[in-house]
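Have a look at my_file.cif; it's mmCIF, C-alpha atoms:
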```
data_start
#
loop_
_atom_site.label_atom_id
_atom_site.label_comp_id
_atom_site.auth_asym_id
_atom_site.auth_seq_id
_atom_site.Cartn_x
_atom_site.Cartn_y
_atom_site.Cartn_z
CA MET Q 20 14.08 18.54 -36.59
CA ALA Q 21 13.08 15.28 -38.32
CA ALA Q 22 13.53 12.10 -36.38
CA ASP Q 23 16.12 9.63 -37.66
CA ASN Q 24 14.95 6.33 -39.10
CA TYR Q 25 15.49 4.51 -35.82
CA SER Q 26 14.22 1.15 -37.12
CA ASP Q 27 17.34 0.78 -39.28
CA ASN Q 28 19.69 1.53 -36.42
CA PRO Q 29 21.23 -1.65 -34.89
CA VAL Q 30 21.09 -0.05 -31.45
CA TYR Q 31 17.30 -0.21 -31.60
CA ARG Q 32 17.12 -3.92 -32.39
CA LEU Q 33 15.95 -6.31 -29.71
CA ALA Q 34 19.13 -7.71 -28.19
CA ALA Q 35 18.16 -11.34 -28.82
CA PHE Q 36 17.72 -10.64 -32.55
CA ASP Q 37 20.85 -8.55 -32.96
CA GLN Q 38 23.36 -11.08 -34.30
CA ASP Q 39 26.25 -8.63 -34.30
CA PHE Q 40 25.64 -8.01 -30.60
CA VAL Q 41 25.03 -11.67 -29.66
CA LEU Q 42 28.20 -12.77 -31.45
CA GLY Q 43 30.31 -9.92 -30.09
CA ASP Q 44 33.06 -10.19 -27.49
CA SER Q 45 30.94 -8.84 -24.65
CA MET Q 46 28.44 -11.70 -25.00
CA ARG Q 47 30.96 -14.55 -24.90
CA GLY Q 48 29.80 -15.52 -21.40
CA ALA Q 49 26.18 -15.58 -22.53
CA ARG Q 50 27.03 -17.78 -25.52
CA PHE Q 51 28.92 -20.12 -23.21
CA MET Q 52 25.83 -20.37 -21.00
CA MET Q 53 23.60 -20.98 -24.03
CA GLU Q 54 25.76 -23.88 -25.20
CA TYR Q 55 25.40 -25.44 -21.77
CA ALA Q 56 21.65 -24.86 -21.52
CA LYS Q 57 20.69 -26.07 -24.99
CA ALA Q 58 22.41 -29.45 -24.70
CA GLU Q 59 21.21 -29.88 -21.12
CA GLU Q 60 17.61 -29.27 -22.14
CA TYR Q 61 17.66 -31.84 -24.94
CA LEU Q 62 19.50 -34.46 -22.88
CA ARG Q 63 16.90 -34.17 -20.14
CA TYR Q 64 14.06 -34.30 -22.66
CA GLU Q 65 15.49 -37.55 -24.07
CA ARG Q 66 15.82 -38.88 -20.48
CA VAL Q 67 19.58 -39.40 -20.59
CA ARG Q 68 20.76 -39.82 -17.01
CA SER Q 69 24.23 -41.26 -17.54
CA THR Q 70 26.63 -42.07 -20.36
CA ILE Q 71 29.60 -44.18 -21.32
CA VAL Q 72 31.99 -41.98 -23.26
CA ALA Q 73 33.97 -43.56 -26.10
CA PHE Q 74 37.01 -41.70 -27.42
CA GLY Q 75 39.38 -42.56 -30.23
CA SER Q 76 40.82 -41.39 -33.51
CA ALA Q 77 38.68 -39.81 -36.22
CA ARG Q 78 41.17 -41.29 -38.70
CA ILE Q 79 40.42 -44.94 -37.97
CA ARG Q 80 38.62 -46.54 -40.91
CA GLU Q 81 36.62 -49.75 -41.22
CA ASP Q 82 38.49 -50.40 -44.48
CA GLY Q 83 41.79 -48.90 -43.34
CA GLY Q 84 43.83 -52.08 -43.11
CA GLU Q 85 43.86 -55.00 -40.67
CA TRP Q 86 44.68 -53.06 -37.50
CA GLN Q 87 42.36 -50.12 -38.18
CA SER Q 88 39.55 -52.48 -39.16
CA ARG Q 89 40.03 -54.43 -35.94
CA ILE Q 90 39.88 -51.26 -33.82
CA TYR Q 91 36.83 -49.95 -35.69
CA ASN Q 92 34.93 -53.21 -35.26
CA ALA Q 93 35.94 -53.47 -31.61
CA ALA Q 94 34.50 -50.00 -30.95
CA ARG Q 95 31.33 -50.94 -32.82
CA THR Q 96 30.97 -54.18 -30.87
CA PHE Q 97 31.59 -52.41 -27.59
CA GLY Q 98 28.96 -49.78 -28.42
CA ARG Q 99 26.43 -52.55 -29.04
CA ILE Q 100 27.32 -54.51 -25.88
CA ALA Q 101 27.19 -51.45 -23.63
CA SER Q 102 23.87 -50.32 -25.11
CA GLU Q 103 22.24 -53.72 -24.80
CA ARG Q 104 23.39 -54.37 -21.23
CA GLY Q 105 23.90 -50.94 -19.69
CA GLY Q 106 20.38 -49.50 -19.61
CA ALA Q 107 20.33 -47.35 -22.74
CA LEU Q 108 17.37 -49.24 -24.21
CA CYS Q 109 15.25 -47.95 -21.34
CA ASP Q 110 12.39 -50.43 -21.74
CA GLY Q 111 9.68 -49.43 -19.28
CA ARG Q 112 11.96 -47.22 -17.18
CA GLN Q 113 12.01 -43.48 -16.73
CA TRP Q 114 15.68 -42.79 -17.40
CA ARG Q 115 18.24 -44.02 -19.92
CA ASP Q 116 21.57 -45.02 -18.39
CA ASN Q 117 25.03 -45.64 -19.83
CA VAL Q 118 24.11 -44.19 -23.20
CA ILE Q 119 27.04 -44.24 -25.63
CA ALA Q 120 28.37 -40.71 -26.12
CA THR Q 121 31.16 -39.70 -28.48
CA GLY Q 122 32.70 -36.60 -29.99
CA GLY Q 123 30.32 -37.14 -32.90
CA GLY Q 124 32.83 -37.48 -35.72
CA PRO Q 125 34.05 -40.31 -37.95
CA GLY Q 126 36.43 -43.16 -37.12
CA VAL Q 127 36.17 -44.66 -33.65
CA MET Q 128 33.39 -42.24 -32.74
CA GLU Q 129 31.34 -43.40 -35.71
CA ALA Q 130 31.97 -47.03 -34.81
CA ALA Q 131 30.79 -46.64 -31.20
CA ASN Q 132 27.68 -44.70 -32.23
CA ARG Q 133 27.03 -47.33 -34.90
CA GLY Q 134 27.22 -50.14 -32.38
CA ALA Q 135 24.68 -48.38 -30.19
CA ARG Q 136 22.43 -47.96 -33.21
CA ASP Q 137 22.86 -51.70 -33.96
CA ALA Q 138 21.38 -52.36 -30.52
CA GLY Q 139 18.43 -50.08 -31.20
CA ALA Q 140 19.50 -47.57 -28.54
CA VAL Q 141 19.78 -43.81 -28.64
CA THR Q 142 23.32 -42.51 -28.90
CA ILE Q 143 24.90 -39.06 -28.49
CA GLY Q 144 27.30 -37.01 -30.59
CA PHE Q 145 28.99 -33.95 -29.05
CA ASN Q 146 30.38 -32.35 -32.19
CA ILE Q 147 32.82 -29.45 -32.28
CA GLN Q 148 33.36 -26.87 -35.04
CA LEU Q 149 36.74 -27.63 -36.63
CA PRO Q 150 38.29 -26.73 -39.99
CA HIS Q 151 38.74 -30.40 -40.90
CA GLU Q 152 37.95 -33.98 -39.80
CA GLN Q 153 34.87 -33.05 -37.77
CA PHE Q 154 31.45 -33.75 -39.21
CA PRO Q 155 28.58 -35.69 -37.65
CA ASN Q 156 28.56 -39.37 -38.41
CA PRO Q 157 25.23 -40.81 -39.62
CA TYR Q 158 24.65 -43.10 -36.62
CA ILE Q 159 23.98 -40.42 -34.00
CA THR Q 160 20.39 -40.09 -32.81
CA PRO Q 161 19.21 -36.90 -34.58
CA ASP Q 162 17.73 -35.37 -31.43
CA LEU Q 163 21.05 -35.95 -29.61
CA ASN Q 164 23.35 -34.62 -32.32
CA PHE Q 165 24.89 -31.49 -30.80
CA GLN Q 166 27.36 -28.93 -32.12
CA PHE Q 167 29.62 -26.81 -29.91
CA HIS Q 168 31.84 -23.83 -30.59
CA TYR Q 169 33.63 -23.98 -27.22
CA PHE Q 170 35.85 -26.96 -26.43
CA ALA Q 171 35.40 -26.29 -22.72
CA MET Q 172 31.61 -26.62 -22.84
CA ARG Q 173 31.81 -29.69 -25.01
CA LYS Q 174 34.17 -31.27 -22.48
CA MET Q 175 31.87 -30.33 -19.64
CA HIS Q 176 28.92 -32.11 -21.25
CA LEU Q 177 31.09 -35.12 -22.05
CA ALA Q 178 32.11 -35.34 -18.39
CA MET Q 179 28.90 -34.42 -16.54
CA ARG Q 180 26.95 -37.61 -17.17
CA ALA Q 181 29.86 -39.95 -17.85
CA ARG Q 182 29.97 -43.03 -15.65
CA ALA Q 183 32.72 -44.81 -17.59
CA LEU Q 184 35.34 -44.02 -20.20
CA MET Q 185 36.45 -46.25 -23.09
CA ILE Q 186 39.59 -44.99 -24.81
CA PHE Q 187 40.49 -46.50 -28.15
CA PRO Q 188 43.71 -45.62 -30.01
CA GLY Q 189 43.86 -42.00 -31.05
CA GLY Q 190 45.94 -38.87 -31.49
CA PHE Q 191 46.26 -35.52 -29.76
CA GLY Q 192 42.52 -35.05 -29.19
CA THR Q 193 42.18 -38.50 -27.63
CA MET Q 194 45.20 -37.86 -25.40
CA ASP Q 195 43.72 -34.54 -24.33
CA GLU Q 196 40.45 -36.14 -23.26
CA LEU Q 197 42.15 -39.13 -21.62
CA PHE Q 198 44.42 -37.05 -19.40
CA GLU Q 199 41.66 -34.60 -18.57
CA PHE Q 200 39.42 -37.39 -17.30
CA LEU Q 201 42.29 -39.06 -15.44
CA THR Q 202 43.10 -35.73 -13.78
CA LEU Q 203 39.49 -35.32 -12.65
CA SER Q 204 39.67 -38.75 -11.00
CA GLN Q 205 43.17 -38.21 -9.60
CA THR Q 206 42.26 -34.91 -7.96
CA GLY Q 207 38.83 -35.99 -6.76
CA LYS Q 208 37.14 -33.24 -8.75
CA GLY Q 209 35.07 -35.77 -10.63
CA HIS Q 210 32.94 -38.71 -9.56
CA HIS Q 211 34.29 -42.25 -9.66
CA MET Q 212 34.71 -43.31 -13.26
CA PRO Q 213 36.22 -46.60 -14.48
CA VAL Q 214 38.60 -46.05 -17.40
CA VAL Q 215 39.65 -48.72 -19.89
CA LEU Q 216 42.28 -48.27 -22.60
CA TYR Q 217 41.70 -50.52 -25.58
CA ASP Q 218 44.66 -52.27 -27.24
CA ARG Q 219 47.38 -52.66 -24.63
CA ASN Q 220 50.13 -52.88 -27.25
CA PHE Q 221 49.24 -49.48 -28.69
CA TRP Q 222 49.02 -47.69 -25.36
CA THR Q 223 52.14 -49.16 -23.78
CA ARG Q 224 54.09 -48.34 -26.95
CA ILE Q 225 52.81 -44.75 -27.12
CA ILE Q 226 52.92 -43.82 -23.42
CA ASN Q 227 55.23 -45.08 -20.69
CA PHE Q 228 52.79 -44.67 -17.83
CA GLU Q 229 55.15 -46.28 -15.33
CA ALA Q 230 57.74 -43.60 -16.06
CA PHE Q 231 55.43 -40.97 -14.58
CA ALA Q 232 55.42 -42.84 -11.27
CA GLU Q 233 59.13 -43.68 -11.40
CA ALA Q 234 59.95 -39.99 -11.84
CA GLY Q 235 57.67 -39.07 -8.94
CA MET Q 236 55.28 -37.12 -11.17
CA ILE Q 237 52.31 -39.23 -10.07
CA SER Q 238 51.65 -41.63 -7.22
CA PRO Q 239 52.09 -45.33 -7.99
CA ASP Q 240 48.44 -45.69 -6.96
CA ASP Q 241 47.46 -43.44 -9.86
CA LEU Q 242 48.35 -46.28 -12.21
CA ASN Q 243 45.26 -48.01 -10.84
CA LEU Q 244 42.99 -45.33 -12.29
CA PHE Q 245 42.77 -47.32 -15.53
CA GLU Q 246 43.41 -50.72 -17.03
CA PHE Q 247 43.83 -52.25 -20.46
CA ALA Q 248 41.63 -54.51 -22.57
CA ASP Q 249 42.10 -56.27 -25.91
CA ASP Q 250 38.58 -57.53 -26.50
CA PRO Q 251 35.18 -55.77 -26.30
CA GLU Q 252 33.79 -58.35 -23.87
CA GLU Q 253 36.89 -58.00 -21.71
CA ALA Q 254 36.45 -54.23 -21.78
CA TRP Q 255 32.81 -54.46 -20.65
CA GLU Q 256 33.69 -56.87 -17.84
CA SER Q 257 36.51 -54.56 -16.78
CA LEU Q 258 34.12 -51.60 -16.49
CA LEU Q 259 31.73 -53.67 -14.38
CA ARG Q 260 34.54 -54.94 -12.16
CA ARG Q 261 35.78 -51.40 -11.66
CA GLY Q 262 32.40 -50.16 -10.48
CA LEU Q 263 30.20 -49.27 -13.44
CA GLU Q 264 26.62 -49.26 -12.20
CA VAL Q 265 24.03 -50.96 -14.37
CA PRO Q 266 20.34 -50.62 -13.51
CA GLU Q 267 18.24 -53.69 -13.00
CA ILE Q 268 16.27 -54.48 -16.13
#
```
Can the structure from this file be put into structure tokens for me?
Amino acid sequence: MAADNYSDNPVYRLAAFDQDFVLGDSMRGARFMMEYAKAEEYLRYERVRSTIVAFGSARIREDGGEWQSRIYNAARTFGRIASERGGALCDGRQWRDNVIATGGGPGVMEAANRGARDAGAVTIGFNIQLPHEQFPNPYITPDLNFQFHYFAMRKMHLAMRARALMIFPGGFGTMDELFEFLTLSQTGKGHHMPVVLYDRNFWTRIINFEAFAEAGMISPDDLNLFEFADDPEEAWESLLRRGLEVPEI
């Protein structure tokens, strides 16, 4: 009996080169692990030890009117200040600290990455595959421009090296990240992380934080997990006052 042409049979393919197998349901755990390992390898290669994560709306535009322009330029200025003073420039040192990291897209994320680029520092984009709004902005360091399929792994990389969180005005995605990071701090599952919300008027109009405590849903002390700022310099000083560590340069 003649042997079948086994080389055309997908079962015979090396597993690593069998895309149908690698992208199948049974390999979801392996793909999850690969998304962790790939980003981790490149972050270590680029000597990124810690980050400052900047969140905010992808819909903010530099030319989007007075308020949007003000928020965009505040995020850009903050990205520059943090990169110049936080250790991201890494002159003569082994590790880069407090590197600006964003979700990689346009709007506030673009502005923060742009500010870091203004300072001459490396800057990270943790992009996610989405049907709209998400595409890498041009200010991310090419060797630190990642793309994720899984929100959970993207969030893990955003949190792992974060030593501070700057939250600019945003929508559902920004709220998701804000409350996730606050929950990590509240429950002690994450390391100490100062959190600053930019534009007090926006945040106090959108969310009644005090109502959580008044209803007994959080402890009054939980309101101390964050504070507000209305100026990039004020925001930087707030992070330092709340415990952000900056290496000696």
Pairwise distance for CA of Arg66 in chain Q and CA of Asp116 in chain Q, rounded to one decimal in Å: 8.7 Å
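Atom pair CA of Val41 in chain Q / CA of Leu149 in chain Q: separated by 21.0 Å.
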Test item: the PyMOL selection byres ((chain Q and resi 109) around 12) resolved as a VMD selection string: chain Q and resid 65 to 69 102 to 108 110 to 118 138 to 141 265 to 268
Among listed residues Q:Arg261, Q:Lys208, Q:Arg219, Q:His176, nearest Tyr55 in chain Q (using all atoms listed in the file): Q:His176
For CA of Pro251 in chain Q and CA of Val215 in chain Q, the interatomic separation in Å (one decimal): 10.5 Å
Take the point (41.4, -40.6, -38.0) as written in the file and pick out every residue within 12 Å of it, counting all atoms listed in the file; give the list as a PDB file with C-alpha atoms, in the coordinates of the input.
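File produced: point29.pdb:
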```
ATOM      1  CA  PHE Q  74      37.010 -41.700 -27.420  1.00  0.00           C
ATOM      2  CA  GLY Q  75      39.380 -42.560 -30.230  1.00  0.00           C
ATOM      3  CA  SER Q  76      40.820 -41.390 -33.510  1.00  0.00           C
ATOM      4  CA  ALA Q  77      38.680 -39.810 -36.220  1.00  0.00           C
ATOM      5  CA  ARG Q  78      41.170 -41.290 -38.700  1.00  0.00           C
ATOM      6  CA  ILE Q  79      40.420 -44.940 -37.970  1.00  0.00           C
ATOM      7  CA  ARG Q  80      38.620 -46.540 -40.910  1.00  0.00           C
ATOM      8  CA  GLU Q  81      36.620 -49.750 -41.220  1.00  0.00           C
ATOM      9  CA  GLY Q  83      41.790 -48.900 -43.340  1.00  0.00           C
ATOM     10  CA  GLN Q  87      42.360 -50.120 -38.180  1.00  0.00           C
ATOM     11  CA  ILE Q  90      39.880 -51.260 -33.820  1.00  0.00           C
ATOM     12  CA  TYR Q  91      36.830 -49.950 -35.690  1.00  0.00           C
ATOM     13  CA  GLY Q 124      32.830 -37.480 -35.720  1.00  0.00           C
ATOM     14  CA  PRO Q 125      34.050 -40.310 -37.950  1.00  0.00           C
ATOM     15  CA  GLY Q 126      36.430 -43.160 -37.120  1.00  0.00           C
ATOM     16  CA  VAL Q 127      36.170 -44.660 -33.650  1.00  0.00           C
ATOM     17  CA  MET Q 128      33.390 -42.240 -32.740  1.00  0.00           C
ATOM     18  CA  GLU Q 129      31.340 -43.400 -35.710  1.00  0.00           C
ATOM     19  CA  ALA Q 130      31.970 -47.030 -34.810  1.00  0.00           C
ATOM     20  CA  HIS Q 151      38.740 -30.400 -40.900  1.00  0.00           C
ATOM     21  CA  GLU Q 152      37.950 -33.980 -39.800  1.00  0.00           C
ATOM     22  CA  GLN Q 153      34.870 -33.050 -37.770  1.00  0.00           C
ATOM     23  CA  PHE Q 187      40.490 -46.500 -28.150  1.00  0.00           C
ATOM     24  CA  PRO Q 188      43.710 -45.620 -30.010  1.00  0.00           C
ATOM     25  CA  GLY Q 189      43.860 -42.000 -31.050  1.00  0.00           C
ATOM     26  CA  GLY Q 190      45.940 -38.870 -31.490  1.00  0.00           C
ATOM     27  CA  PHE Q 191      46.260 -35.520 -29.760  1.00  0.00           C
ATOM     28  CA  GLY Q 192      42.520 -35.050 -29.190  1.00  0.00           C
ATOM     29  CA  THR Q 193      42.180 -38.500 -27.630  1.00  0.00           C
TER      30      THR Q 193
END
```
Spatial neighbours of Gln166 in chain Q, max dist 10 Å, only C-alpha atoms, sep filter under 6 positions, as a list in words: Glu54, Ala58, Gly122, Gly123, Gly144, Phe145, Asn146, Ile147, Gln148, Phe154, Pro155 and Arg173 of chain Q
Distance query range 234-242 of chain Q at most 12 Å, all atoms listed in the file, self and fewer than 2 positions along chain excluded, as a ChimeraX atom specification: /Q:198,201-207,214-215,227-232,244-247
Result set of the PyMOL selection byres ((chain Q and resi 178) around 12) on the coordinates above, as JSON, numbers by chain: {"Q": [69, 70, 71, 72, 73, 120, 121, 122, 145, 171, 172, 173, 174, 175, 176, 177, 179, 180, 181, 182, 183, 184, 196, 197, 199, 200, 201, 202, 203, 204, 208, 209, 210, 211, 212]}
Among the residues Q:Asn156, Q:Arg95, Q:Arg133, Q:Trp86, the one that comes closest to Asn220 in chain Q [using only C-alpha atoms]: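 Of Q:Asn156, Q:Arg95, Q:Arg133, Q:Trp86, the one nearest Asn220 in chain Q, counting only C-alpha atoms, is Q:Trp86.
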Shortest interatomic distance to Leu263 in chain Q - which of Q:Met194, Q:Ala93, Q:Ala35, Q:Met185, counting only C-alpha atoms: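 Distance minimum relative to Leu263 in chain Q lands on Q:Met185.
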Contacts of Pro161 in chain Q within 10 Å, only C-alpha atoms, excl. fewer than 2 positions in-chain, as a PyMOL selection string: chain Q and resi 141-144+155+157-159+163-165
Residue with smallest distance to Trp255 in chain Q - pool Q:Ile186, Q:Ala49, Q:Ala101, Q:Leu33, counting all atoms listed in the file: Q:Ala101
